[in-house]
>>> print(open('data.csv').read())   # CSV, C-alpha atoms
chain,number,residue,atom,x,y,z
A,1,MET,CA,87.9,159.7,50.9
A,2,ILE,CA,88.9,156.1,50.5
A,3,ASP,CA,87.1,154.3,47.7
A,4,ARG,CA,86.1,150.9,49.1
A,5,ARG,CA,86.6,149.1,45.8
A,6,ASP,CA,90.1,150.5,45.3
A,7,ALA,CA,91.0,149.7,48.9
A,8,MET,CA,89.8,146.1,48.5
A,9,ARG,CA,91.6,145.7,45.2
A,10,ALA,CA,94.8,147.0,46.7
A,11,LEU,CA,94.4,144.6,49.7
A,12,ALA,CA,93.8,141.7,47.4
A,13,ALA,CA,96.9,142.6,45.4
A,14,SER,CA,98.9,142.9,48.6
A,15,GLY,CA,97.5,139.7,50.1
A,16,GLY,CA,96.0,141.8,53.0
A,17,ALA,CA,94.4,139.9,55.8
A,18,ALA,CA,90.9,140.2,57.1
A,19,LEU,CA,92.2,142.4,59.9
A,20,ALA,CA,93.4,144.9,57.3
A,21,ALA,CA,90.1,144.9,55.5
A,22,ARG,CA,88.4,145.8,58.8
A,23,SER,CA,90.7,148.7,59.6
A,24,VAL,CA,90.5,150.3,56.1
A,25,SER,CA,86.7,150.1,56.1
A,26,ALA,CA,86.7,151.4,59.7
A,27,SER,CA,88.7,154.5,58.7
A,28,ALA,CA,86.4,155.0,55.7
A,29,ASN,CA,83.3,154.8,57.9
A,30,ASN,CA,84.8,157.3,60.4
A,31,THR,CA,85.3,160.0,57.8
A,32,PRO,CA,83.1,162.8,59.0
A,33,ASP,CA,80.7,164.7,56.8
A,34,PRO,CA,83.0,167.4,55.1
A,35,ALA,CA,80.2,170.0,55.7
A,36,SER,CA,80.8,169.7,59.4
A,37,LEU,CA,84.5,170.4,59.1
A,38,PRO,CA,86.4,173.6,58.7
A,39,PRO,CA,86.9,174.9,55.1
A,40,VAL,CA,89.5,173.4,52.8
A,41,LYS,CA,92.4,175.8,52.0
A,42,ASP,CA,94.0,175.4,48.6
A,43,PHE,CA,97.6,176.4,47.9
A,44,GLY,CA,98.0,175.8,44.2
A,45,GLY,CA,97.4,172.1,44.3
A,46,LEU,CA,98.1,171.4,48.0
A,47,GLN,CA,95.0,171.3,50.1
A,48,VAL,CA,94.9,171.5,53.9
A,49,ARG,CA,92.1,171.6,56.6
A,50,TYR,CA,92.3,172.6,60.2
A,51,ALA,CA,92.1,169.3,62.3
A,52,PHE,CA,92.8,170.1,65.9
A,53,SER,CA,94.9,172.1,68.4
A,54,VAL,CA,97.2,170.8,71.2
A,55,SER,CA,98.7,172.7,74.1
A,56,VAL,CA,101.8,171.0,75.5
A,57,PHE,CA,103.0,172.1,78.9
A,58,PHE,CA,106.7,172.0,80.0
A,59,LYS,CA,108.9,172.2,83.1
A,60,GLU,CA,112.2,170.4,82.8
A,61,ARG,CA,114.8,171.5,80.2
A,62,ILE,CA,118.0,169.5,80.1
A,63,MET,CA,120.7,169.9,77.5
A,64,ILE,CA,123.1,167.1,76.6
A,65,ASP,CA,126.0,168.7,74.8
A,66,ALA,CA,126.8,165.6,72.7
A,67,PRO,CA,128.7,165.9,69.4
A,68,PHE,CA,125.2,166.3,67.9
A,69,ARG,CA,123.5,168.2,70.7
A,70,ARG,CA,120.4,166.8,72.2
A,71,ALA,CA,117.9,168.4,74.5
A,72,PHE,CA,115.3,166.7,76.8
A,73,VAL,CA,112.1,168.6,77.4
A,74,PRO,CA,109.3,166.4,78.7
A,75,ALA,CA,105.6,167.0,78.2
A,76,ILE,CA,104.2,167.4,81.6
A,77,GLY,CA,100.6,167.4,80.2
A,78,GLY,CA,98.3,169.3,78.0
A,79,GLU,CA,95.0,169.4,76.1
A,80,ILE,CA,93.7,168.6,72.7
A,81,TRP,CA,90.7,170.3,71.2
A,82,GLY,CA,89.3,170.9,67.7
A,83,PRO,CA,87.0,169.4,65.1
A,84,ARG,CA,88.7,166.1,64.6
A,85,LEU,CA,90.2,165.2,68.0
A,86,THR,CA,89.7,166.0,71.6
A,87,GLY,CA,91.6,164.7,74.7
A,88,ILE,CA,94.7,165.3,76.7
A,89,VAL,CA,98.4,165.0,76.4
A,90,ASP,CA,99.5,162.1,78.7
A,91,PRO,CA,101.4,163.6,81.7
A,92,TYR,CA,105.0,162.7,81.3
A,93,GLY,CA,104.2,160.3,78.5
A,94,GLY,CA,107.3,161.5,76.6
A,95,ALA,CA,109.4,164.4,75.6
A,96,ASP,CA,111.2,166.3,72.9
A,97,PHE,CA,114.5,164.6,72.4
A,98,GLY,CA,115.7,166.8,69.6
A,99,GLY,CA,118.6,169.1,69.1
A,100,GLY,CA,117.4,171.9,71.4
A,101,GLY,CA,116.4,175.2,69.9
A,102,GLY,CA,116.6,173.8,66.4
A,103,PRO,CA,115.6,170.3,65.2
A,104,LEU,CA,112.6,168.9,67.0
A,105,ASP,CA,112.1,165.2,67.5
A,106,ALA,CA,109.4,164.6,70.1
A,107,HIS,CA,107.9,161.3,71.2
A,108,TYR,CA,104.9,161.4,73.5
A,109,MET,CA,101.4,160.2,73.9
A,110,PHE,CA,97.9,161.6,73.4
A,111,ARG,CA,94.9,160.2,75.2
A,112,ALA,CA,91.7,160.8,73.2
A,113,ASP,CA,88.5,161.5,75.3
A,114,ASP,CA,87.3,158.0,74.4
A,115,GLY,CA,90.4,156.6,76.2
A,116,THR,CA,92.3,155.7,73.1
A,117,PRO,CA,96.1,156.1,73.4
A,118,ILE,CA,97.7,157.7,70.3
A,119,TYR,CA,101.5,157.9,69.8
A,120,ILE,CA,102.9,161.0,68.3
A,121,ASN,CA,106.4,161.5,66.8
A,122,ASN,CA,106.6,165.2,66.1
A,123,ARG,CA,109.4,166.2,63.8
A,124,GLY,CA,110.1,169.7,62.8
A,125,TYR,CA,112.1,172.8,63.5
A,126,MET,CA,112.3,176.0,65.5
A,127,ARG,CA,114.1,178.8,63.8
A,128,ARG,CA,115.0,182.3,64.9
A,129,VAL,CA,113.3,184.5,62.3
A,130,GLY,CA,115.9,186.4,60.2
A,131,GLU,CA,118.9,184.9,61.8
A,132,PRO,CA,121.6,183.4,59.5
A,133,VAL,CA,122.4,179.7,59.6
A,134,SER,CA,125.3,178.9,61.9
A,135,VAL,CA,127.0,175.7,62.8
A,136,GLU,CA,129.2,177.2,65.5
A,137,ARG,CA,128.2,176.6,69.1
A,138,THR,CA,129.9,176.5,72.5
A,139,ALA,CA,129.1,174.3,75.5
A,140,GLY,CA,128.8,175.8,78.9
A,141,ASP,CA,131.7,176.0,81.4
A,142,VAL,CA,133.0,173.0,83.3
A,143,ASN,CA,133.5,173.4,87.0
A,144,PRO,CA,136.9,172.6,88.6
A,145,ASP,CA,135.5,169.4,90.0
A,146,GLY,CA,134.5,168.3,86.5
A,147,SER,CA,130.7,168.9,87.0
A,148,PHE,CA,128.7,171.1,84.8
A,149,SER,CA,125.1,172.4,84.5
A,150,GLN,CA,122.8,170.8,81.9
A,151,GLN,CA,119.8,173.0,82.7
A,152,PHE,CA,118.7,175.5,80.1
A,153,VAL,CA,116.0,178.1,79.9
A,154,ALA,CA,113.9,178.8,76.9
A,155,PRO,CA,114.0,182.5,76.1
A,156,PRO,CA,110.7,184.3,76.2
A,157,ASP,CA,108.8,184.4,72.9
A,158,SER,CA,108.7,188.2,72.9
A,159,GLU,CA,112.6,188.4,72.8
A,160,VAL,CA,113.2,185.8,70.1
A,161,PRO,CA,110.6,185.4,67.4
A,162,LEU,CA,110.5,181.8,66.4
A,163,ARG,CA,109.1,180.1,63.4
A,164,MET,CA,108.1,176.6,64.6
A,165,ARG,CA,106.7,174.1,62.1
A,166,THR,CA,106.3,170.4,62.5
A,167,SER,CA,105.3,167.3,60.6
A,168,PRO,CA,103.8,164.9,63.1
A,169,PHE,CA,103.4,161.1,62.5
A,170,PHE,CA,100.7,159.4,64.6
A,171,GLU,CA,100.0,155.8,65.5
A,172,ALA,CA,96.5,155.1,66.7
A,173,PRO,CA,94.8,151.7,67.2
A,174,ALA,CA,93.9,150.3,63.7
A,175,ASP,CA,90.4,149.4,64.9
A,176,SER,CA,89.7,152.8,66.6
A,177,ALA,CA,87.8,155.9,65.4
A,178,HIS,CA,91.3,157.6,65.1
A,179,ALA,CA,92.8,155.1,62.6
A,180,TRP,CA,92.6,157.8,59.9
A,181,MET,CA,95.5,159.5,61.6
A,182,ASN,CA,97.7,156.4,60.7
A,183,SER,CA,97.7,157.3,57.0
A,184,THR,CA,97.3,161.1,56.9
A,185,LEU,CA,100.0,163.7,56.7
A,186,PHE,CA,99.7,166.7,59.0
A,187,ILE,CA,101.3,170.1,59.3
A,188,GLY,CA,101.8,171.7,62.7
A,189,HIS,CA,102.3,175.3,63.6
A,190,GLY,CA,103.8,175.9,67.1
A,191,LEU,CA,103.4,179.0,69.2
A,192,ARG,CA,105.6,179.4,72.3
A,193,ARG,CA,103.9,180.8,75.3
A,194,THR,CA,105.2,181.5,78.8
A,195,ASP,CA,103.4,181.7,82.1
A,196,PRO,CA,102.6,178.9,82.1
A,197,ASP,CA,105.4,177.4,80.0
A,198,ARG,CA,103.7,175.8,77.0
A,199,THR,CA,103.5,175.5,73.2
A,200,ILE,CA,100.2,175.8,71.4
A,201,PHE,CA,100.2,173.6,68.2
A,202,THR,CA,97.7,174.1,65.4
A,203,TYR,CA,97.4,171.0,63.2
A,204,TYR,CA,96.2,170.9,59.7
A,205,GLU,CA,95.6,167.6,57.8
A,206,VAL,CA,97.1,167.5,54.4
A,207,LEU,CA,94.3,166.4,52.0
B,208,MET,CA,85.7,163.4,78.7
B,209,LEU,CA,89.0,163.2,80.5
B,210,GLU,CA,90.0,165.6,83.2
B,211,ARG,CA,91.9,168.6,82.1
B,212,ARG,CA,94.8,169.1,84.5
B,213,TYR,CA,96.8,171.3,82.2
B,214,SER,CA,94.6,173.7,80.4
B,215,VAL,CA,94.5,177.4,79.6
B,216,PRO,CA,90.9,178.0,78.3
B,217,ALA,CA,92.0,181.3,76.6
B,218,ASP,CA,94.2,179.2,74.3
B,219,HIS,CA,91.0,177.9,72.7
B,220,GLY,CA,90.3,181.3,71.1
B,221,ALA,CA,89.9,181.4,67.3
B,222,GLU,CA,92.9,183.8,67.2
B,223,PHE,CA,95.2,180.9,68.2
B,224,ILE,CA,94.3,178.8,65.2
B,225,ALA,CA,97.4,179.8,63.4
B,226,GLU,CA,97.5,180.2,59.6
B,227,VAL,CA,100.0,178.2,57.6
B,228,GLY,CA,100.9,178.7,54.0
B,229,PHE,CA,102.8,176.8,51.2
B,230,ASP,CA,105.2,178.1,48.6
B,231,PRO,CA,106.2,176.1,45.6
B,232,ALA,CA,109.7,174.8,46.1
B,233,PHE,CA,110.8,172.2,43.5
B,234,THR,CA,109.7,169.2,41.5
B,235,VAL,CA,111.5,165.9,41.5
B,236,THR,CA,111.1,163.1,39.0
B,237,ILE,CA,112.7,159.9,40.2
B,238,GLU,CA,113.5,157.2,37.7
B,239,HIS,CA,113.6,153.8,39.3
B,240,GLU,CA,113.2,150.1,38.7
B,241,ARG,CA,109.9,148.4,39.4
B,242,ALA,CA,109.3,147.5,43.0
B,243,GLU,CA,110.9,144.4,44.5
B,244,ALA,CA,108.9,143.0,47.4
B,245,ILE,CA,110.3,141.6,50.6
B,246,ALA,CA,107.7,140.0,52.9
B,247,GLY,CA,109.2,141.1,56.2
B,248,PRO,CA,108.0,140.8,59.8
B,249,SER,CA,106.0,144.1,59.8
B,250,GLY,CA,104.7,144.2,56.3
B,251,THR,CA,106.0,144.1,52.7
B,252,ARG,CA,109.1,146.1,52.1
B,253,LEU,CA,109.0,147.6,48.6
B,254,PHE,CA,112.4,148.3,47.2
B,255,ARG,CA,112.7,150.6,44.2
B,256,LYS,CA,116.3,151.1,43.0
B,257,ILE,CA,116.8,154.7,41.8
B,258,SER,CA,118.4,154.9,38.4
B,259,GLY,CA,118.3,158.7,37.7
B,260,GLY,CA,116.0,161.7,37.6
B,261,THR,CA,115.8,165.4,37.8
B,262,ILE,CA,115.0,168.2,40.2
B,263,SER,CA,113.8,171.6,39.0
B,264,GLY,CA,112.5,174.8,40.6
B,265,ARG,CA,114.4,176.5,43.5
B,266,ILE,CA,116.9,173.7,43.2
B,267,GLU,CA,118.1,172.6,39.8
B,268,GLY,CA,120.0,169.4,39.1
B,269,THR,CA,119.9,165.7,38.6
B,270,LEU,CA,119.6,162.6,40.8
B,271,TYR,CA,122.7,160.6,41.2
B,272,PRO,CA,121.9,157.2,39.7
B,273,ASP,CA,124.1,154.9,41.7
B,274,GLY,CA,123.3,154.0,45.3
B,275,ALA,CA,119.9,155.4,46.3
B,276,GLY,CA,116.4,154.0,46.6
B,277,GLU,CA,113.0,153.9,48.0
B,278,TYR,CA,112.4,151.4,50.8
B,279,SER,CA,108.7,151.7,51.6
B,280,LEU,CA,106.7,149.5,53.9
B,281,LEU,CA,103.3,148.2,52.6
B,282,ARG,CA,101.3,147.7,55.8
B,283,PRO,CA,98.6,145.1,56.3
B,284,ASP,CA,96.0,147.9,55.9
B,285,GLY,CA,97.1,148.5,52.3
B,286,VAL,CA,98.9,151.8,53.1
B,287,ALA,CA,102.5,152.1,52.2
B,288,GLU,CA,104.8,154.1,54.4
B,289,ILE,CA,107.2,155.8,52.1
B,290,ARG,CA,110.9,156.0,52.9
B,291,THR,CA,113.1,157.4,50.1
B,292,HIS,CA,116.7,158.3,50.2
B,293,VAL,CA,118.1,160.4,47.3
B,294,ILE,CA,121.4,162.1,46.5
B,295,LEU,CA,121.3,165.0,44.2
B,296,ASN,CA,123.8,166.8,42.1
B,297,SER,CA,122.8,170.4,41.7
B,298,SER,CA,123.6,172.3,38.5
B,299,ASP,CA,126.0,174.5,40.5
B,300,GLY,CA,128.1,171.5,41.4
B,301,GLU,CA,126.9,170.7,44.9
B,302,TRP,CA,125.8,167.4,46.5
B,303,LEU,CA,122.5,167.4,48.4
B,304,TYR,CA,120.6,164.8,50.3
B,305,LEU,CA,116.8,164.4,50.1
B,306,TYR,CA,114.8,162.2,52.4
B,307,ASN,CA,111.1,161.5,52.0
B,308,MET,CA,108.7,160.0,54.5
B,309,GLY,CA,105.0,159.7,54.1
B,310,TYR,CA,102.0,157.7,53.0
B,311,VAL,CA,100.6,156.2,49.8
B,312,ARG,CA,97.0,155.1,50.3
B,313,PRO,CA,94.9,152.8,48.1
B,314,ASP,CA,92.9,155.8,47.1
B,315,GLY,CA,95.9,157.4,45.4
B,316,TYR,CA,96.8,159.8,48.2
B,317,TYR,CA,100.6,160.1,48.0
B,318,ARG,CA,101.9,162.7,50.5
B,319,VAL,CA,105.4,163.0,52.0
B,320,THR,CA,107.4,165.2,54.3
B,321,SER,CA,110.9,165.8,53.1
B,322,TRP,CA,114.1,167.0,54.5
B,323,VAL,CA,117.0,168.4,52.4
B,324,ASP,CA,120.6,168.5,53.7
B,325,ALA,CA,122.8,171.0,52.0
B,326,ASP,CA,126.4,171.9,52.6
B,327,VAL,CA,126.7,174.9,55.0
B,328,ARG,CA,129.4,176.4,52.6
B,329,GLY,CA,127.1,176.3,49.6
B,330,ARG,CA,124.2,178.0,47.8
B,331,HIS,CA,121.4,176.0,49.2
B,332,THR,CA,121.6,176.8,52.9
B,333,TRP,CA,118.1,178.3,52.8
B,334,THR,CA,116.9,174.7,53.1
B,335,ALA,CA,118.7,174.1,56.4
B,336,GLY,CA,116.4,172.7,59.0
B,337,LEU,CA,113.3,173.2,56.9
B,338,PHE,CA,111.0,170.4,55.8
B,339,PHE,CA,108.9,170.3,52.7
B,340,ILE,CA,105.5,168.8,51.8
B,341,GLY,CA,105.3,166.8,48.6
B,342,THR,CA,102.5,165.3,46.6
B,343,GLY,CA,103.6,162.3,44.5
B,344,ARG,CA,102.4,160.1,41.7
B,345,LEU,CA,103.8,156.8,40.7
B,346,ALA,CA,103.7,156.3,36.9
B,347,ALA,CA,101.4,153.6,35.5
B,348,ASP,CA,104.4,151.6,34.3
B,349,GLY,CA,105.9,151.6,37.9
B,350,LYS,CA,109.2,153.0,36.7
B,351,SER,CA,109.1,156.6,37.7
B,352,THR,CA,107.6,158.8,40.4
B,353,THR,CA,107.0,162.6,40.2
B,354,LEU,CA,106.8,164.7,43.4
B,355,THR,CA,105.9,168.3,43.7
B,356,TYR,CA,107.2,170.0,46.8
B,357,PHE,CA,106.1,173.0,48.8
B,358,GLU,CA,107.8,174.9,51.6
B,359,VAL,CA,105.7,175.4,54.7
B,360,THR,CA,105.5,179.1,55.5
>>> encode(input="data.csv", output="structure tokens")
Amino acid sequence: MIDRRDAMRALAASGGAALAARSVSASANNTPDPASLPPVKDFGGLQVRYAFSVSVFFKERIMIDAPFRRAFVPAIGGEIWGPRLTGIVDPYGGADFGGGGGPLDAHYMFRADDGTPIYINNRGYMRRVGEPVSVERTAGDVNPDGSFSQQFVAPPDSEVPLRMRTSPFFEAPADSAHAWMNSTLFIGHGLRRTDPDRTIFTYYEVL
Amino acid sequence: MLERRYSVPADHGAEFIAEVGFDPAFTVTIEHERAEAIAGPSGTRLFRKISGGTISGRIEGTLYPDGAGEYSLLRPDGVAEIRTHVILNSSDGEWLYLYNMGYVRPDGYYRVTSWVDADVRGRHTWTAGLFFIGTGRLAADGKSTTLTYFEVT
């Protein structure tokens, strides 16, 4: 909960503009009644609370075997539901541009049900459970004519248990009801599902 | 409400609200100079030159005092976006890199996500690819910051 006096004092100290004062008070005013939200979970000093879930649907999977490998997996759409945000994932509003199978670095867009666009940069990792760290990798074969395939297929969840955790950073309009996301840390848990090809993210706000 | 073109209603089941947990990882005390402010085009960049510090817990060691810093951006809404780059010497003789990004709010909320890069030949490869969540506090004199980190499980 933002204390108005502290916020105004900090703004005065930082020479904040009238616009800033409006956005801070807006986020304070939009803090919902805690009683209406899921319970707070405490982990020895770190507290989190379930905020919302997101399903992101996929189709294309392109691998660019650069010196530091990069995969392109666009978000074809999806849905957002939960206590603190509802809406959709903007169809083809972005993609994961991360390392493919390991480091995630996704940039795409949410669209809240009130029409607000929200940018997400989702950083994190996918890790095969129990597998040792390896830096060795090999690119696919090159055809005699110099061409090569850059398509890849994600293995089914049942064959390769993955631990996927993310730390998303959001940018929502400062004067919107979602401005609280601009200064809140989140933790994401990703669950891969096939048929249809998608990931279900569970997001907790770090209190 | 916007049209749901991509939706699996069964995904909304309570069983898909995944549990997450946090294990204590390490504590870092950064010794630094007081902030130097740069009024830039997108806010006020706050530079804090790192002069030393310690890490304890699942990684033990010291902060290399020469050539690292915090380069945070104080936004017009009074929230600072933390960006800290740190080089560590572990007590077992390895160099590690720590990067923090997160938020400091006027209400005292100081939370960061952090990445650690360790040498693949060394003793800290358990950190590879992981990120950590840290809670921080800037000392009243502005000359040190203490962060307590958790691994996300």
>>> residues_around(input="data.csv", residues="segment 333-350 of chain B", least_positions_apart="2", cutoff="7 Å", atoms="all atoms listed in the file", output="VMD selection string")
(chain A and resid 103 125) or (chain B and resid 238 to 241 317 to 325 331 352 to 359)
>>> closest_atom_pairs(input="data.csv", of="chain B", to="chain A", cutoff="9 Å", atoms="only C-alpha atoms", output="Markdown table")
| residue | atom | partner | partner_atom | distance |
| --- | --- | --- | --- | --- |
| B:Met208 | CA | A:Asp113 | CA | 4.8 |
| B:Leu209 | CA | A:Asp113 | CA | 5.5 |
| B:Glu210 | CA | A:Ile88 | CA | 8.0 |
| B:Arg211 | CA | A:Glu79 | CA | 6.8 |
| B:Arg212 | CA | A:Gly78 | CA | 7.4 |
| B:Tyr213 | CA | A:Gly78 | CA | 4.9 |
| B:Ser214 | CA | A:Glu79 | CA | 6.1 |
| B:Val215 | CA | A:Ser55 | CA | 8.4 |
| B:Asp218 | CA | A:Ile200 | CA | 7.5 |
| B:His219 | CA | A:Trp81 | CA | 7.8 |
| B:Phe223 | CA | A:Thr202 | CA | 7.8 |
| B:Ile224 | CA | A:Thr202 | CA | 5.8 |
| B:Ala225 | CA | A:Thr202 | CA | 6.0 |
| B:Glu226 | CA | A:His189 | CA | 7.9 |
| B:Val227 | CA | A:His189 | CA | 7.0 |
| B:Gly228 | CA | A:Phe43 | CA | 7.3 |
| B:Phe229 | CA | A:Phe43 | CA | 6.2 |
| B:Asp230 | CA | A:Phe43 | CA | 7.8 |
| B:Pro231 | CA | A:Gly44 | CA | 8.3 |
| B:Thr251 | CA | A:Ser14 | CA | 8.3 |
| B:Leu281 | CA | A:Ser14 | CA | 8.0 |
| B:Arg282 | CA | A:Gly16 | CA | 8.4 |
| B:Pro283 | CA | A:Ala20 | CA | 5.3 |
| B:Asp284 | CA | A:Ala20 | CA | 4.2 |
| B:Gly285 | CA | A:Leu11 | CA | 5.4 |
| B:Val286 | CA | A:Ser183 | CA | 6.8 |
| B:Ala287 | CA | A:Ser183 | CA | 8.6 |
| B:Glu288 | CA | A:Ser183 | CA | 8.2 |
| B:Gly309 | CA | A:Leu185 | CA | 6.9 |
| B:Tyr310 | CA | A:Ser183 | CA | 5.9 |
| B:Val311 | CA | A:Ser183 | CA | 7.8 |
| B:Arg312 | CA | A:Ser183 | CA | 7.1 |
| B:Pro313 | CA | A:Ala7 | CA | 5.0 |
| B:Asp314 | CA | A:Ile2 | CA | 5.3 |
| B:Gly315 | CA | A:Ile2 | CA | 8.8 |
| B:Tyr316 | CA | A:Leu207 | CA | 8.0 |
| B:Arg318 | CA | A:Leu185 | CA | 6.6 |
| B:Val319 | CA | A:Leu185 | CA | 7.2 |
| B:Thr320 | CA | A:Ser167 | CA | 7.0 |
| B:Val327 | CA | A:Val135 | CA | 7.8 |
| B:Thr332 | CA | A:Val133 | CA | 7.3 |
| B:Trp333 | CA | A:Val133 | CA | 8.2 |
| B:Ala335 | CA | A:Val133 | CA | 7.4 |
| B:Gly336 | CA | A:Tyr125 | CA | 6.2 |
| B:Leu337 | CA | A:Tyr125 | CA | 6.7 |
| B:Phe338 | CA | A:Gly124 | CA | 7.1 |
| B:Ile340 | CA | A:Ile187 | CA | 8.7 |
| B:Gly341 | CA | A:Leu46 | CA | 8.6 |
| B:Thr342 | CA | A:Leu46 | CA | 7.7 |
| B:Phe357 | CA | A:Leu46 | CA | 8.2 |
| B:Val359 | CA | A:Arg165 | CA | 7.6 |
| B:Thr360 | CA | A:Arg165 | CA | 8.4 |
>>> atom_distance(input="data.csv", atom1="atom CA of Arg69 of chain A", atom2="atom CA of Tyr119 of chain A")
24.3 Å
>>> atom_distance(input="data.csv", atom1="atom CA of Pro155 of chain A", atom2="atom CA of Gly98 of chain A")
17.1 Å
>>> atom_distance(input="data.csv", atom1="atom CA of Trp302 of chain B", atom2="atom CA of Asp105 of chain A")
25.2 Å
>>> axis_aligned_box(input="data.csv", around="segment 247-255 of chain B", padding_each_side="5 Å", output="AutoDock Vina command-line options")
--center_x 108.7 --center_y 145.7 --center_z 52.0 --size_x 18.0 --size_y 19.8 --size_z 25.6
>>> residues_around(input="data.csv", residues="Ala66 of chain A", least_positions_apart="3", cutoff="10 Å", atoms="only C-alpha atoms", output="tab-separated table (two decimals) with C-alpha atoms, in the frame of the given file")
chain	number	residue	atom	x	y	z
A	63	MET	CA	120.70	169.90	77.50
A	69	ARG	CA	123.50	168.20	70.70
A	70	ARG	CA	120.40	166.80	72.20
A	71	ALA	CA	117.90	168.40	74.50
A	99	GLY	CA	118.60	169.10	69.10
A	139	ALA	CA	129.10	174.30	75.50
>>> closest_residue(input="data.csv", among="B:Ile289, B:Leu270, B:Ala242, B:Ala275", to="Leu303 of chain B", atoms="all atoms listed in the file")
B:Leu270
>>> residues_around(input="data.csv", residues="His178 of chain A", least_positions_apart="5", cutoff="9 Å", atoms="all atoms listed in the file", output="PyMOL selection string")
chain A and resi 27+30+84-85+112+116+118+171-173
>>> decode(input="data.csv", residues="segment 59-71 of chain A", atoms="N, CA and C atoms", output="PDB file, in the first residue's frame")
ATOM      1  N   LYS A  59       2.177 -21.300 -32.521  1.00  0.00           N
ATOM      2  CA  LYS A  59       2.164 -22.079 -33.757  1.00  0.00           C
ATOM      3  C   LYS A  59       3.583 -22.167 -34.327  1.00  0.00           C
ATOM      4  N   GLU A  60       4.137 -21.037 -34.784  1.00  0.00           N
ATOM      5  CA  GLU A  60       5.464 -21.058 -35.395  1.00  0.00           C
ATOM      6  C   GLU A  60       6.558 -21.304 -34.351  1.00  0.00           C
ATOM      7  N   ARG A  61       7.591 -22.033 -34.762  1.00  0.00           N
ATOM      8  CA  ARG A  61       8.802 -22.209 -33.931  1.00  0.00           C
ATOM      9  C   ARG A  61      10.011 -22.183 -34.841  1.00  0.00           C
ATOM     10  N   ILE A  62      10.757 -21.089 -34.795  1.00  0.00           N
ATOM     11  CA  ILE A  62      11.900 -20.883 -35.689  1.00  0.00           C
ATOM     12  C   ILE A  62      13.167 -20.768 -34.842  1.00  0.00           C
ATOM     13  N   MET A  63      14.198 -21.513 -35.233  1.00  0.00           N
ATOM     14  CA  MET A  63      15.473 -21.443 -34.514  1.00  0.00           C
ATOM     15  C   MET A  63      16.508 -20.728 -35.377  1.00  0.00           C
ATOM     16  N   ILE A  64      17.157 -19.734 -34.814  1.00  0.00           N
ATOM     17  CA  ILE A  64      18.265 -19.068 -35.493  1.00  0.00           C
ATOM     18  C   ILE A  64      19.529 -19.487 -34.755  1.00  0.00           C
ATOM     19  N   ASP A  65      20.313 -20.380 -35.384  1.00  0.00           N
ATOM     20  CA  ASP A  65      21.487 -20.916 -34.703  1.00  0.00           C
ATOM     21  C   ASP A  65      22.645 -19.933 -34.773  1.00  0.00           C
ATOM     22  N   ALA A  66      22.433 -18.780 -34.164  1.00  0.00           N
ATOM     23  CA  ALA A  66      23.473 -17.742 -34.042  1.00  0.00           C
ATOM     24  C   ALA A  66      24.513 -18.207 -33.023  1.00  0.00           C
ATOM     25  N   PRO A  67      25.648 -17.520 -32.919  1.00  0.00           N
ATOM     26  CA  PRO A  67      26.632 -17.886 -31.895  1.00  0.00           C
ATOM     27  C   PRO A  67      25.986 -18.002 -30.501  1.00  0.00           C
ATOM     28  N   PHE A  68      25.070 -17.088 -30.196  1.00  0.00           N
ATOM     29  CA  PHE A  68      24.235 -17.247 -29.016  1.00  0.00           C
ATOM     30  C   PHE A  68      22.833 -17.495 -29.544  1.00  0.00           C
ATOM     31  N   ARG A  69      22.420 -18.737 -29.452  1.00  0.00           N
ATOM     32  CA  ARG A  69      21.228 -19.198 -30.145  1.00  0.00           C
ATOM     33  C   ARG A  69      19.977 -18.400 -29.780  1.00  0.00           C
ATOM     34  N   ARG A  70      19.134 -18.213 -30.760  1.00  0.00           N
ATOM     35  CA  ARG A  70      17.920 -17.440 -30.571  1.00  0.00           C
ATOM     36  C   ARG A  70      16.751 -18.173 -31.237  1.00  0.00           C
ATOM     37  N   ALA A  71      15.671 -18.278 -30.505  1.00  0.00           N
ATOM     38  CA  ALA A  71      14.480 -18.900 -31.065  1.00  0.00           C
ATOM     39  C   ALA A  71      13.370 -17.858 -31.162  1.00  0.00           C
TER      40      ALA A  71
END
